[in-house]
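Heads up, start.txt below (compact mmCIF, C-alpha atoms and all ligand atoms):
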```txt
# COMPACT_ATOMS: atom_id res chain seq x y z
CA MET P 138 86.55 113.26 104.65
CA LEU P 139 90.15 113.57 103.56
CA LYS P 140 92.25 110.44 104.07
CA LYS P 141 95.17 111.01 106.44
CA ARG P 142 97.75 110.13 103.81
CA LEU P 143 96.39 112.80 101.50
CA GLU P 144 96.00 115.33 104.30
CA LYS P 145 99.70 114.89 105.08
CA ALA P 146 100.78 115.21 101.42
CA ILE P 147 98.61 118.29 100.82
CA ASN P 148 99.80 119.93 104.03
CA ASP P 149 103.36 119.34 102.89
CA GLN P 150 102.41 121.07 99.64
CA VAL P 151 100.85 124.07 101.45
CA ASN P 152 104.21 124.65 103.10
CA PHE P 153 106.17 123.98 99.91
CA GLU P 154 104.11 126.55 98.00
CA ILE P 155 104.83 129.11 100.73
CA TYR P 156 108.52 128.22 100.41
CA SER P 157 108.16 128.76 96.63
CA SER P 158 106.86 132.24 97.37
CA TYR P 159 109.86 132.88 99.65
CA LEU P 160 112.23 131.70 96.95
CA TYR P 161 110.79 133.93 94.24
CA LEU P 162 110.57 136.92 96.55
CA SER P 163 114.24 136.38 97.39
CA MET P 164 115.03 136.28 93.66
CA SER P 165 112.98 139.46 93.18
CA SER P 166 115.08 141.23 95.78
CA TRP P 167 118.29 139.98 94.16
CA PHE P 168 117.17 141.26 90.73
CA THR P 169 116.25 144.64 92.27
CA SER P 170 119.78 144.87 93.70
CA LYS P 171 121.11 144.37 90.15
CA ASN P 172 118.87 147.15 88.79
CA LEU P 173 116.93 144.62 86.71
CA VAL P 174 113.53 145.91 87.79
CA GLY P 175 111.57 144.03 85.11
CA PHE P 176 113.00 140.68 86.22
CA ALA P 177 112.26 141.73 89.82
CA THR P 178 108.64 142.49 88.93
CA TRP P 179 108.22 139.12 87.20
CA MET P 180 109.55 137.35 90.29
CA ARG P 181 107.37 139.38 92.65
CA VAL P 182 104.25 138.45 90.68
CA GLN P 183 105.41 134.83 90.73
CA ALA P 184 105.78 135.02 94.52
CA GLN P 185 102.19 136.31 94.78
CA GLU P 186 100.92 133.44 92.62
CA GLU P 187 102.66 130.91 94.84
CA LEU P 188 100.75 132.24 97.84
CA ILE P 189 97.54 131.74 95.86
CA HIS P 190 98.56 128.11 95.29
CA ALA P 191 99.28 127.69 99.01
CA MET P 192 95.89 129.13 99.95
CA LYS P 193 94.04 126.93 97.47
CA PHE P 194 95.56 123.83 99.13
CA PHE P 195 95.07 125.33 102.61
CA ASN P 196 91.36 125.91 101.97
CA TYR P 197 90.91 122.46 100.47
CA VAL P 198 92.33 120.65 103.52
CA ASN P 199 90.03 122.56 105.85
CA GLU P 200 86.98 122.18 103.59
CA ARG P 201 87.42 118.41 103.53
CA GLY P 202 87.44 117.93 107.28
CA GLY P 203 91.21 117.97 107.72
CA ARG P 204 93.32 120.71 109.23
CA ALA P 205 95.93 122.77 107.46
CA ILE P 206 99.08 122.74 109.58
CA LEU P 207 101.73 125.38 108.98
CA THR P 208 105.35 124.50 109.64
CA GLN P 209 108.63 126.35 109.76
CA ILE P 210 109.64 127.55 106.29
CA LYS P 211 113.32 127.26 105.49
CA GLY P 212 115.13 130.33 104.22
CA PRO P 213 115.64 130.45 100.45
CA ASP P 214 118.91 131.07 98.62
CA THR P 215 119.81 134.76 98.47
CA GLU P 216 122.61 134.93 95.90
CA TRP P 217 122.91 133.96 92.25
CA LYS P 218 125.82 134.41 89.88
CA SER P 219 123.68 135.65 87.00
CA PRO P 220 120.06 136.08 85.82
CA LEU P 221 120.49 132.79 83.96
CA GLU P 222 121.48 130.94 87.13
CA ALA P 223 118.47 132.39 88.98
CA PHE P 224 116.03 131.33 86.25
CA GLU P 225 117.65 127.91 85.92
CA ASP P 226 117.03 127.50 89.66
CA ALA P 227 113.44 128.67 89.19
CA TYR P 228 112.90 126.13 86.40
CA LYS P 229 114.45 123.30 88.47
CA HIS P 230 112.25 124.32 91.37
CA GLU P 231 109.14 124.10 89.18
CA LEU P 232 110.12 120.57 88.11
CA VAL P 233 110.21 119.60 91.80
CA VAL P 234 106.80 121.24 92.33
CA SER P 235 105.42 119.26 89.37
CA SER P 236 106.67 115.96 90.77
CA LYS P 237 105.13 116.72 94.17
CA ILE P 238 101.80 117.65 92.55
CA CYS P 239 101.84 114.45 90.49
CA ASN P 240 102.58 112.49 93.67
CA ILE P 241 99.40 113.90 95.24
CA ALA P 242 97.48 112.81 92.14
CA ASP P 243 99.02 109.32 92.43
CA ILE P 244 98.01 109.03 96.10
CA ALA P 245 94.50 110.25 95.30
CA LEU P 246 94.15 107.48 92.69
CA GLU P 247 95.57 104.83 95.03
CA GLU P 248 93.19 105.91 97.79
CA LYS P 249 90.26 106.20 95.31
CA GLU P 250 89.82 109.79 96.51
CA HIS P 251 88.15 111.27 93.46
CA MET P 252 87.45 114.71 94.95
CA THR P 253 91.15 115.24 95.54
CA HIS P 254 91.95 113.79 92.14
CA ASN P 255 89.59 116.35 90.62
CA MET P 256 91.02 119.23 92.69
CA ILE P 257 94.61 118.41 91.77
CA GLN P 258 93.89 118.64 88.03
CA TRP P 259 93.85 122.45 88.37
CA PHE P 260 97.43 122.29 89.65
CA ILE P 261 98.55 119.80 87.01
CA ASN P 262 97.35 122.20 84.31
CA GLU P 263 98.96 125.11 86.15
CA GLN P 264 102.31 123.30 86.24
CA VAL P 265 102.39 123.04 82.45
CA GLU P 266 102.33 126.84 82.37
CA GLU P 267 104.69 127.23 85.35
CA GLU P 268 107.37 125.04 83.77
CA ALA P 269 106.95 126.64 80.33
CA SER P 270 107.22 130.22 81.57
CA ALA P 271 110.41 129.61 83.60
CA LYS P 272 111.95 127.53 80.80
CA GLY P 273 111.03 130.24 78.26
CA VAL P 274 113.07 132.82 80.15
CA VAL P 275 115.98 130.37 80.57
CA ASP P 276 116.03 129.82 76.80
CA LYS P 277 115.96 133.56 76.06
CA LEU P 278 118.79 134.22 78.55
CA LYS P 279 120.86 131.52 76.86
CA LEU P 280 120.32 133.22 73.50
CA ILE P 281 121.20 136.64 74.94
CA LYS P 282 124.39 135.38 76.64
CA ASP P 283 126.43 138.47 77.61
CA ASN P 284 124.61 140.95 75.37
CA PRO P 285 123.54 143.89 77.62
CA GLY P 286 121.08 145.19 74.99
CA GLY P 287 119.31 141.85 74.89
CA LEU P 288 119.20 141.70 78.67
CA PHE P 289 117.59 145.12 78.95
CA MET P 290 115.04 144.26 76.26
CA LEU P 291 114.10 141.12 78.17
CA ASP P 292 113.97 143.15 81.40
CA THR P 293 111.40 145.46 79.77
CA GLU P 294 109.36 142.50 78.52
CA LEU P 295 109.30 140.72 81.89
CA GLY P 296 108.41 143.96 83.68
CA GLN P 297 105.05 143.94 81.93
CA ARG P 298 103.84 140.99 83.95
CA VAL P 299 100.98 141.89 86.30
CA PHE P 300 99.30 139.88 89.00
CA ASN P 301 95.99 138.43 87.80
CA SER P 302 93.55 139.53 90.50
CA ALA P 303 91.02 136.91 89.36
CA LEU P 304 93.30 134.40 91.11
CA LEU P 305 92.24 135.86 94.46
CA ALA P 306 88.88 134.13 94.01
CA VAL P 307 90.67 130.84 93.26
CA ALA P 308 92.28 131.11 96.70
CA GLY P 309 89.13 132.20 98.51
CA LEU P 310 90.68 135.58 99.20
CA GLY P 311 87.99 137.76 97.63
CA GLY P 312 87.79 139.16 94.13
CA PRO P 313 85.31 138.13 91.44
CA GLY P 314 83.38 134.98 92.35
CA ALA P 315 85.04 134.74 95.76
CA GLY P 316 84.52 131.48 97.57
CA GLY P 317 86.47 128.98 99.60
CA ALA P 318 86.74 128.40 103.30
CA PRO P 319 86.15 131.32 105.67
FE1 LIG P 401 103.01 126.71 92.85
FE2 LIG P 401 105.16 127.49 90.77
O1 LIG P 401 104.12 126.22 91.52
```

Would you mind writing the structure in this file as structure tokens?
Ligand code: FEO
Amino acid sequence: MLKKRLEKAINDQVNFEIYSSYLYLSMSSWFTSKNLVGFATWMRVQAQEELIHAMKFFNYVNERGGRAILTQIKGPDTEWKSPLEAFEDAYKHELVVSSKICNIADIALEEKEHMTHNMIQWFINEQVEEEASAKGVVDKLKLIKDNPGGLFMLDTELGQRVFNSALLAVAGLGGPGAGGAP
């Protein structure tokens, strides 16, 4: 049975992951409006992955005898001055996600809730990748500065990102090895 303190923190994270998806979808739309379709694709895939994260937490709360509660999701920003500003925001956002994930791990240890501590390790590992991928694009954009050729090359590179359908199983949404709560 999930302790109430953890149920509350994980529910907060369900909603924060959905907000993350909103944010990246908003960035995707902004990039599309700037004709940077590769950046837009990267952000759209990121938005899909955030929903996977939300569903993994959602399923976990329900599987452990708690109840996932959905709340109002605030609207994300809709304007950025440049691709660099958008990716800097994405990177800062991921740092906030990491601190919230680590907070859940801290509570799990304090409450001696080893199942949750085990579950949250998947997210801790994921955050290493999440931070690195956003920071990697920030660093490239800083190198490119105002060089249009460099920007279009990066746009092509980022446009190759595809959603990993194996993640559907992670979220209990079907796909290979599907599981999770009904
Ligand atoms: Fe769900 Fe990007 O962290």

Quiz item: Could you pull the residues within 8 Å of Leu291 of chain P, counting all atoms listed in the file, minus those fewer than 4 positions along the same chain, as a PyMOL selection string?
Solution: chain P and resi 175+287+295

Practice problem: Between atom CA of Lys229 of chain P and atom CA of Glu268 of chain P, measure the distance and give it in Å to one decimal. | Solution: 8.7 Å

Exercise. Rank P:Leu305, P:Leu221, P:Leu139, P:Val174 by their smallest atom-to-atom distance to Ala191 of chain P, using only C-alpha atoms, and report the top residue only.
Key: P:Leu305

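One distance worth recording is that between atom CA of Asp283 of chain P and atom CA of His230 of chain P, which is 24.3 Å.
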
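Neighbours of ligand LIG 401 (chain P) at a cut-off of 6 Å, computed so that all atoms listed in the file are counted, are the residues Glu154, Glu187, His190, Glu231, Val234 and Glu267 of chain P.
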
Practice problem: Counting all atoms listed in the file, figure out which residue out of P:Leu160, P:Val274, P:Ala146, P:Met138 gets nearest to Glu216 of chain P. | Solution: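 Checking each candidate against Glu216 of chain P, we get P:Leu160 as the closest.
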
Quiz prompt | Shell of 9 Å around Pro220 of chain P, all atoms listed in the file, local chain residues under 3 positions omitted, as number ranges by chain | solution = P: 168, 176, 217, 223-225, 275, 278

Practice problem: Within 12 Å of Ser235 of chain P, counting all atoms listed in the file, which residues show up once you throw out same-chain ones fewer than 2 positions away? Write them as JSON, numbers by chain, please. | Solution: {"P": [150, 153, 154, 228, 229, 230, 231, 232, 233, 237, 238, 239, 240, 241, 242, 257, 258, 260, 261, 262, 263, 264, 265, 266, 267, 268, 269]}

Practice problem: Measure the distance from atom CA of Ile189 of chain P to atom CA of Glu222 of chain P in Å and round it to one decimal. | Solution: 25.5 Å

Output as AutoDock Vina command-line options the centre and edge lengths (Å, one decimal) of the box along x, y and z of the file that holds every listed atom of segment 233-247 of chain P after adding 8 Å on each side.
```
--center_x 102.2 --center_y 113.0 --center_z 92.7 --size_x 32.1 --size_y 32.4 --size_z 22.7
```

Quiz prompt | Nearest-residue call for Arg201 of chain P, choices P:Val299, P:Glu294, P:Lys279, P:Glu144, using all atoms listed in the file | solution = P:Glu144

Exercise. Do a neighbour search on Gln185 of chain P at 10 Å with only C-alpha atoms, toss out local chain neighbours closer than 4 positions, and write the hits as a PyMOL selection string.
Key: chain P and resi 155+157-159+161-162+180-181+189-190+300-301+304-305

Exercise. Name the residues in contact with Asn199 of chain P at a cut-off of 12 Å, using all atoms listed in the file, excluding same-chain residues fewer than 3 positions from it; report them as an NGL selection string.
Key: :P and (138-139 or 144 or 147-148 or 151 or 192-196 or 202-206 or 317-319)
